[in-house]
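File shown: upload39.cif (mmCIF, C-alpha atoms).
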```
data_target
#
loop_
_atom_site.label_atom_id
_atom_site.label_comp_id
_atom_site.auth_asym_id
_atom_site.auth_seq_id
_atom_site.Cartn_x
_atom_site.Cartn_y
_atom_site.Cartn_z
CA MET T 14 78.83 64.70 85.87
CA SER T 15 79.62 61.11 86.92
CA VAL T 16 81.84 62.37 89.77
CA ILE T 17 78.92 64.40 91.10
CA LEU T 18 76.56 61.45 90.79
CA PHE T 19 79.02 59.18 92.57
CA GLY T 20 79.60 61.68 95.42
CA PHE T 21 75.90 62.42 95.86
CA GLY T 22 75.11 58.71 95.48
CA LEU T 23 77.47 57.91 98.35
CA PHE T 24 75.85 60.59 100.47
CA ILE T 25 72.33 59.33 99.70
CA PHE T 26 73.53 55.80 100.57
CA TYR T 27 74.89 57.20 103.86
CA PHE T 28 71.72 59.14 104.65
CA VAL T 29 69.38 56.20 103.88
CA THR T 30 71.54 53.89 106.02
CA HIS T 31 71.47 56.46 108.83
CA TYR T 32 67.69 56.78 108.51
CA LEU T 33 67.13 52.99 108.57
CA ILE T 34 69.36 52.46 111.61
CA TRP T 35 67.56 55.26 113.48
CA LYS T 36 64.15 53.75 112.55
CA ILE T 37 65.23 50.44 114.10
CA HIS T 38 66.93 51.90 117.17
CA ILE T 39 68.27 55.37 117.96
CA PRO T 40 71.78 54.88 119.35
CA ARG T 41 72.73 56.43 122.66
CA ARG T 42 75.84 58.11 121.20
CA GLN T 43 74.40 59.31 117.92
CA VAL T 44 77.25 61.47 116.62
CA GLN T 45 79.81 58.75 117.34
CA VAL T 46 77.74 56.24 115.35
CA LEU T 47 77.43 58.72 112.47
CA LEU T 48 81.20 59.21 112.51
CA MET T 49 81.79 55.44 112.46
CA LEU T 50 79.36 54.97 109.57
CA PHE T 51 81.25 57.43 107.39
CA PRO T 52 84.38 55.40 106.49
CA VAL T 53 82.48 52.10 106.43
CA LEU T 54 79.89 53.36 103.98
CA MET T 55 82.48 55.16 101.85
CA ILE T 56 84.39 51.91 101.42
CA LEU T 57 81.20 49.90 100.82
CA GLY T 58 79.97 52.46 98.30
CA PHE T 59 83.31 52.47 96.52
CA LEU T 60 83.32 48.64 96.38
CA ALA T 61 79.71 48.57 95.20
CA PHE T 62 80.57 50.89 92.32
CA GLN T 63 83.59 48.73 91.49
CA LEU T 64 81.44 45.58 91.43
CA PHE T 65 78.68 47.32 89.50
CA LEU T 66 81.13 48.47 86.86
CA LYS T 67 83.26 45.27 86.77
CA GLY T 68 84.12 44.39 83.21
CA TYR T 69 82.96 47.76 81.96
CA GLU T 70 85.15 48.95 79.08
CA GLY T 71 84.55 52.67 79.61
CA ASP T 72 82.85 53.90 76.47
CA GLY T 73 82.36 57.42 77.84
CA SER T 74 78.91 56.81 79.31
CA LEU T 75 77.63 58.35 82.52
CA PHE T 76 79.18 55.75 84.84
CA SER T 77 82.63 55.57 83.28
CA LEU T 78 84.93 56.71 86.09
CA LEU T 79 88.69 56.73 86.44
CA PHE T 80 90.27 56.08 89.84
CA VAL T 81 91.02 59.80 90.25
CA GLU T 82 87.36 60.53 89.62
CA TYR T 83 86.41 58.02 92.32
CA LEU T 84 88.65 59.94 94.69
CA GLN T 85 87.00 63.20 93.65
CA GLY T 86 83.58 61.64 94.29
CA CYS T 87 84.79 60.52 97.72
CA LEU T 88 85.97 64.07 98.39
CA LEU T 89 82.52 65.41 97.46
CA PHE T 90 80.96 62.83 99.80
CA THR T 91 83.36 63.91 102.55
CA VAL T 92 82.37 67.56 102.13
CA LEU T 93 78.65 66.68 102.20
CA PHE T 94 79.23 64.48 105.25
CA ALA T 95 81.12 67.27 107.04
CA ALA T 96 78.29 69.72 106.40
CA TYR T 97 75.78 67.16 107.65
CA ILE T 98 77.68 66.22 110.80
CA VAL T 99 78.13 69.90 111.71
CA THR T 100 74.39 70.57 111.41
CA TYR T 101 73.25 67.31 113.01
CA PRO T 102 73.45 68.51 116.65
CA ALA T 103 70.89 71.22 115.81
CA ILE T 104 68.55 68.46 114.66
CA GLU T 105 69.40 66.06 117.48
CA ILE T 106 68.66 68.53 120.29
CA ASP T 107 66.68 71.74 120.34
CA SER T 108 69.11 74.60 119.87
CA PRO T 109 68.09 77.89 121.50
CA SER T 110 67.74 79.59 118.11
CA LEU T 111 65.64 76.72 116.74
CA VAL T 112 63.38 76.76 119.83
CA ILE T 113 62.83 80.52 119.50
CA ILE T 114 62.11 80.37 115.77
CA THR T 115 59.75 77.39 116.22
CA HIS T 116 57.81 79.14 119.01
CA VAL T 117 57.47 82.33 116.99
CA SER T 118 56.57 80.38 113.84
CA ASP T 119 53.85 78.43 115.68
CA LYS T 120 52.11 81.71 116.55
CA GLY T 121 52.08 82.76 112.89
CA PRO T 122 51.32 86.32 111.86
CA THR T 123 49.77 87.17 115.23
CA GLY T 124 53.22 86.94 116.85
CA LEU T 125 54.39 85.69 120.24
CA ASP T 126 54.40 87.75 123.43
CA LYS T 127 57.91 88.49 124.67
CA GLU T 128 57.09 87.36 128.23
CA LEU T 129 55.64 84.04 127.02
CA LEU T 130 58.74 83.35 124.95
CA GLU T 131 61.07 84.16 127.84
CA LYS T 132 59.10 81.87 130.18
CA SER T 133 59.38 78.97 127.72
CA LEU T 134 63.18 79.18 127.49
CA THR T 135 64.04 77.24 130.64
CA ASP T 136 67.16 75.39 131.75
CA GLU T 137 65.14 72.16 131.53
CA LEU T 138 64.72 72.74 127.80
CA LEU T 139 68.03 74.35 126.86
CA VAL T 140 70.80 73.60 129.35
CA LYS T 141 70.15 70.22 131.01
CA PRO T 142 69.86 68.22 127.77
CA ARG T 143 73.24 69.58 126.69
CA ILE T 144 74.85 68.62 129.99
CA GLU T 145 73.39 65.12 129.65
CA ASP T 146 74.75 64.88 126.09
CA LEU T 147 78.22 65.98 127.20
CA VAL T 148 78.20 63.26 129.88
CA THR T 149 76.87 60.68 127.41
CA GLU T 150 79.52 61.63 124.85
CA LYS T 151 82.15 61.42 127.63
CA MET T 152 83.25 65.03 127.22
CA ILE T 153 82.60 65.74 130.92
CA PHE T 154 82.01 63.63 134.01
CA ILE T 155 80.73 64.20 137.52
CA GLY T 156 83.46 63.76 140.13
CA GLN T 157 82.96 62.28 143.59
CA ASP T 158 82.65 65.82 144.90
CA GLY T 159 79.64 66.41 142.61
CA LYS T 160 81.52 68.79 140.30
CA TYR T 161 81.65 68.51 136.53
CA ARG T 162 85.11 68.03 135.06
CA LEU T 163 86.47 67.72 131.54
CA THR T 164 87.59 64.34 130.28
CA ALA T 165 90.61 63.97 128.00
CA LYS T 166 88.17 63.78 125.10
CA GLY T 167 86.55 67.05 126.25
CA ARG T 168 89.94 68.76 126.48
CA TRP T 169 90.83 67.65 122.94
CA PHE T 170 87.43 68.83 121.72
CA ILE T 171 87.76 72.36 123.09
CA LEU T 172 91.41 72.76 122.06
CA PRO T 173 90.79 74.15 118.54
CA PHE T 174 88.00 76.44 119.81
CA SER T 175 90.17 77.77 122.63
CA PHE T 176 93.08 78.27 120.25
CA TYR T 177 90.92 80.16 117.76
CA ARG T 178 89.23 82.32 120.42
CA ASN T 179 92.66 83.19 121.89
CA LEU T 180 93.98 83.94 118.40
CA ILE T 181 91.24 86.48 117.69
CA GLY T 182 91.26 87.82 121.26
CA ALA T 183 87.70 86.72 122.02
CA GLY T 184 88.39 85.36 125.51
CA LYS T 185 86.67 82.28 126.90
CA GLY T 186 83.17 83.55 126.21
CA GLY T 187 80.10 81.39 126.22
#
```

Written as structure tokens, how would this file's structure read?
Amino acid sequence: MSVILFGFGLFIFYFVTHYLIWKIHIPRRQVQVLLMLFPVLMILGFLAFQLFLKGYEGDGSLFSLLFVEYLQGCLLFTVLFAAYIVTYPAIEIDSPSLVIITHVSDKGPTGLDKELLEKSLTDELLVKPRIEDLVTEKMIFIGQDGKYRLTAKGRWFILPFSFYRNLIGAGKGG
């Protein structure tokens, strides 16, 4: 039980820190800041628990943790963090599925006309913000000829996806 509390405690510490930073100022490169916060807050959380428990004899109470259990708690935190960071882009920017569901939900039981939904799904809403994010995250850049090109970071990013798609024979797709 204490391993679970430690792992979830680290994640809550991470989430509250994330929330407070975003309340003060939303960073331009949000995912990069979230990735940088992860190891810093894991170490700070680990040290805080060490200081909190300093001199504790370990009588079997809720917060009696062995070093291996700290590592297990850190692993739980890592798993929670990974799930969070994978879902964060859907929160950061409107995903097409989220936009569709929100539009339909707003209309309630009366439903949403197909034509109205299709008119609301524009490039301004769905495509251009993603292009801007890719430029901001330095995955792509605009060359002097006005064409978008991949950066080294962009090539590294797509490498596992390309490998996997080739492995299953899915082609480049979209």

Expand the PyMOL selection byres ((chain T and resi 132-143) around 9) into the individual residues it matches in the shown file, reporting them as a PDB file with C-alpha atoms, in the frame of the given file.
```pdb
ATOM      1  CA  ILE T 106      68.660  68.530 120.290  1.00  0.00           C
ATOM      2  CA  ASP T 107      66.680  71.740 120.340  1.00  0.00           C
ATOM      3  CA  SER T 108      69.110  74.600 119.870  1.00  0.00           C
ATOM      4  CA  PRO T 109      68.090  77.890 121.500  1.00  0.00           C
ATOM      5  CA  VAL T 112      63.380  76.760 119.830  1.00  0.00           C
ATOM      6  CA  ILE T 113      62.830  80.520 119.500  1.00  0.00           C
ATOM      7  CA  HIS T 116      57.810  79.140 119.010  1.00  0.00           C
ATOM      8  CA  LYS T 127      57.910  88.490 124.670  1.00  0.00           C
ATOM      9  CA  GLU T 128      57.090  87.360 128.230  1.00  0.00           C
ATOM     10  CA  LEU T 129      55.640  84.040 127.020  1.00  0.00           C
ATOM     11  CA  LEU T 130      58.740  83.350 124.950  1.00  0.00           C
ATOM     12  CA  GLU T 131      61.070  84.160 127.840  1.00  0.00           C
ATOM     13  CA  ILE T 144      74.850  68.620 129.990  1.00  0.00           C
ATOM     14  CA  GLU T 145      73.390  65.120 129.650  1.00  0.00           C
ATOM     15  CA  ASP T 146      74.750  64.880 126.090  1.00  0.00           C
ATOM     16  CA  LEU T 147      78.220  65.980 127.200  1.00  0.00           C
ATOM     17  CA  VAL T 148      78.200  63.260 129.880  1.00  0.00           C
TER      18      VAL T 148
END
```

Residue nearest Phe19 in chain T among T:Gly167, T:Pro102, T:Phe174, T:Gly86 (counting only C-alpha atoms):
T:Gly86

Please indicate the distance in Å from CA of Leu33 in chain T to CA of Leu50 in chain T, rounded to one decimal place.
12.4 Å

To test your reading of the syntax: which residues would the PyMOL selection byres ((chain T and resi 21-31) around 8) return for the file shown? Reply as a list of chain:residue names.
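Evaluating the PyMOL selection byres ((chain T and resi 21-31) around 8) on these coordinates yields T:Ile17, T:Leu18, T:Phe19, T:Gly20, T:Tyr32, T:Leu33, T:Ile34, T:Trp35, T:Leu47, T:Leu50, T:Phe51, T:Leu54, T:Met55, T:Gly58, T:Gly86, T:Cys87, T:Leu89, T:Phe90, T:Leu93, T:Phe94.
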
Pick out the residues sitting within 7 Å of Thr164 in chain T, and hand them over as a PyMOL selection string; count all atoms listed in the file, and ignore anything fewer than 5 positions along from it in its own chain.
chain T and resi 151-154

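The space between CA of Phe59 in chain T and CA of Val99 in chain T spans 23.7 Å.
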
For Pro40 in chain T, which of T:Gly121, T:Asp158, T:Leu111, T:Glu150 is the closest residue, counting only C-alpha atoms?
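Distance minimum relative to Pro40 in chain T lands on T:Glu150.
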
Selected residue, from T:Ile39, T:Leu48, T:Leu79, T:Ala183, that lies nearest to Val16 in chain T when counting all atoms listed in the file:
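Of all the options, T:Leu79 lies closest to Val16 in chain T.
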